[in-house]
Amino acid sequence: MDTTKEPKVVTLKPIEATPSTFKEYGQVIEASPDGDEFGPHDAQLDLSHGIPRFYIMHLENRPLKFSNITHHASVTQCLGSIGGHVWYLGVAKSSIVDSNAIKDDTGKKIVQSPSGHPYVPPAIEDVQVFKVAGSKFLKLNRGTWHAGPLFKAETMDFYNLELSNTNVIDHTRHNFKKANGVLFLIDE
């Protein structure tokens, strides 16, 4: 791909993140009454591959555009804005494969992640953008591709639950600009 050319801009209209609209990528977790017992409305977490890390992530200047998208193969991740402010997340379904084949069952090429697992790069047409507003957070399924959080404000703080070394040993990135000549722009 010629990276000297201006990338093609793909404009995406965000979808409101609800339990039904986001179910292919993870869960939308909303407030529940104190004393409720654990159930399917709670985040179904997989933190079994390391030490959990729960922290406040401070982000600056994250405008509504992206060309990089990331996934984590070993952990579910939870993100939520402090204060319930509006934010956006680009996503694509997990494309981790459990095979050593050269191509998956659709004929797409399988790539080896620097983290060691095989996956199929996400397709441009598979990328969706979700708008998250209010006091809720997103739990991403293991392997869900994600870009963001993105937002209109200058800075925002987010709750983030992942593993203590997620961004060191479990961070697979796809660069749509380099690989596909594409930049995504959120139409909001």
# chains A, B, ... in the order shown; residues from 1 in each chain; ligands from 1
$ residues_around --residues "Asn68 of chain A" --least-positions-apart "3" --cutoff "7 Å" --atoms "only C-alpha atoms" --output "PyMOL selection string"
chain A and resi 147+173-176
$ select_by_dssp --residues "segment 37-136 of chain A" --states "strand (DSSP E)" --output "JSON, numbers by chain"
{"A": [52, 53, 54, 55, 56, 57, 58, 59, 60, 65, 66, 68, 69, 70, 71, 77, 78, 79, 80, 81, 87, 88, 89, 90, 91, 92, 111, 112, 118, 119, 128, 129, 130, 131, 132, 136]}
$ closest_residue --among "A:Glu60, A:Ile124, A:Phe22, A:Gly116" --to "Gly181 of chain A" --atoms "only C-alpha atoms"
A:Ile124
$ residues_around --residues "Ser32 of chain A" --least-positions-apart "5" --cutoff "10 Å" --atoms "only C-alpha atoms" --output "ChimeraX atom specification"
/A:37,41-42
$ residues_around --residues "Gln112 of chain A" --least-positions-apart "2" --cutoff "10 Å" --atoms "only C-alpha atoms" --output "list of chain:residue names"
A:Ile96, A:Val97, A:Asn100, A:Ile110, A:Pro114, A:Ser115, A:Gly116, A:His117, A:Pro118, A:Tyr119, A:Val120, A:Pro121, A:Thr172
$ residues_around --residues "Leu12 of chain A" --least-positions-apart "4" --cutoff "8 Å" --atoms "only C-alpha atoms" --output "PyMOL selection string"
chain A and resi 128-129+184-187
$ closest_residue --among "A:Gly134, A:Thr21, A:Ile69, A:Gly107" --to "Lys178 of chain A" --atoms "only C-alpha atoms"
A:Ile69
$ atom_distance --atom1 "atom CA of Leu163 of chain A" --atom2 "atom CA of Leu64 of chain A"
26.5 Å
$ closest_residue --among "A:Leu47, A:Ala123, A:Met57, A:Cys78" --to "Val28 of chain A" --atoms "only C-alpha atoms"
A:Cys78
$ select_by_dssp --residues "chain A" --states "alpha helix (DSSP H)" --output "VMD selection string"
chain A and resid 166 to 169 176 to 180
$ closest_residue --among "A:Val111, A:Ala17, A:Leu59, A:Ile29" --to "Lys131 of chain A" --atoms "only C-alpha atoms"
A:Ala17
$ closest_residue --among "A:Ser164, A:Gly148, A:Lys108, A:Val91" --to "Ile15 of chain A" --atoms "only C-alpha atoms"
A:Val91
$ closest_atom_pairs --of "segment 8-121 of chain A" --to "segment 152-157 of chain A" --cutoff "12 Å" --atoms "only C-alpha atoms" --output "Markdown table"
| residue | atom | partner | partner_atom | distance |
| --- | --- | --- | --- | --- |
| A:Tyr55 | CA | A:Asp157 | CA | 10.1 |
| A:Ile56 | CA | A:Asp157 | CA | 6.4 |
| A:Met57 | CA | A:Asp157 | CA | 5.5 |
| A:His58 | CA | A:Asp157 | CA | 4.5 |
| A:Leu59 | CA | A:Met156 | CA | 5.5 |
| A:Glu60 | CA | A:Thr155 | CA | 4.3 |
| A:Asn61 | CA | A:Glu154 | CA | 5.2 |
| A:Arg62 | CA | A:Lys152 | CA | 7.4 |
| A:Pro63 | CA | A:Lys152 | CA | 6.0 |
| A:Leu64 | CA | A:Lys152 | CA | 7.0 |
| A:Lys65 | CA | A:Lys152 | CA | 10.6 |
| A:Leu79 | CA | A:Asp157 | CA | 10.2 |
| A:Gly80 | CA | A:Asp157 | CA | 8.6 |
| A:Ser81 | CA | A:Asp157 | CA | 6.0 |
| A:Ile82 | CA | A:Asp157 | CA | 5.7 |
| A:Gly83 | CA | A:Asp157 | CA | 8.6 |
| A:Gly84 | CA | A:Asp157 | CA | 10.1 |
| A:His85 | CA | A:Met156 | CA | 8.3 |
| A:Val86 | CA | A:Lys152 | CA | 8.3 |
| A:Trp87 | CA | A:Lys152 | CA | 7.6 |
| A:Tyr88 | CA | A:Lys152 | CA | 9.2 |
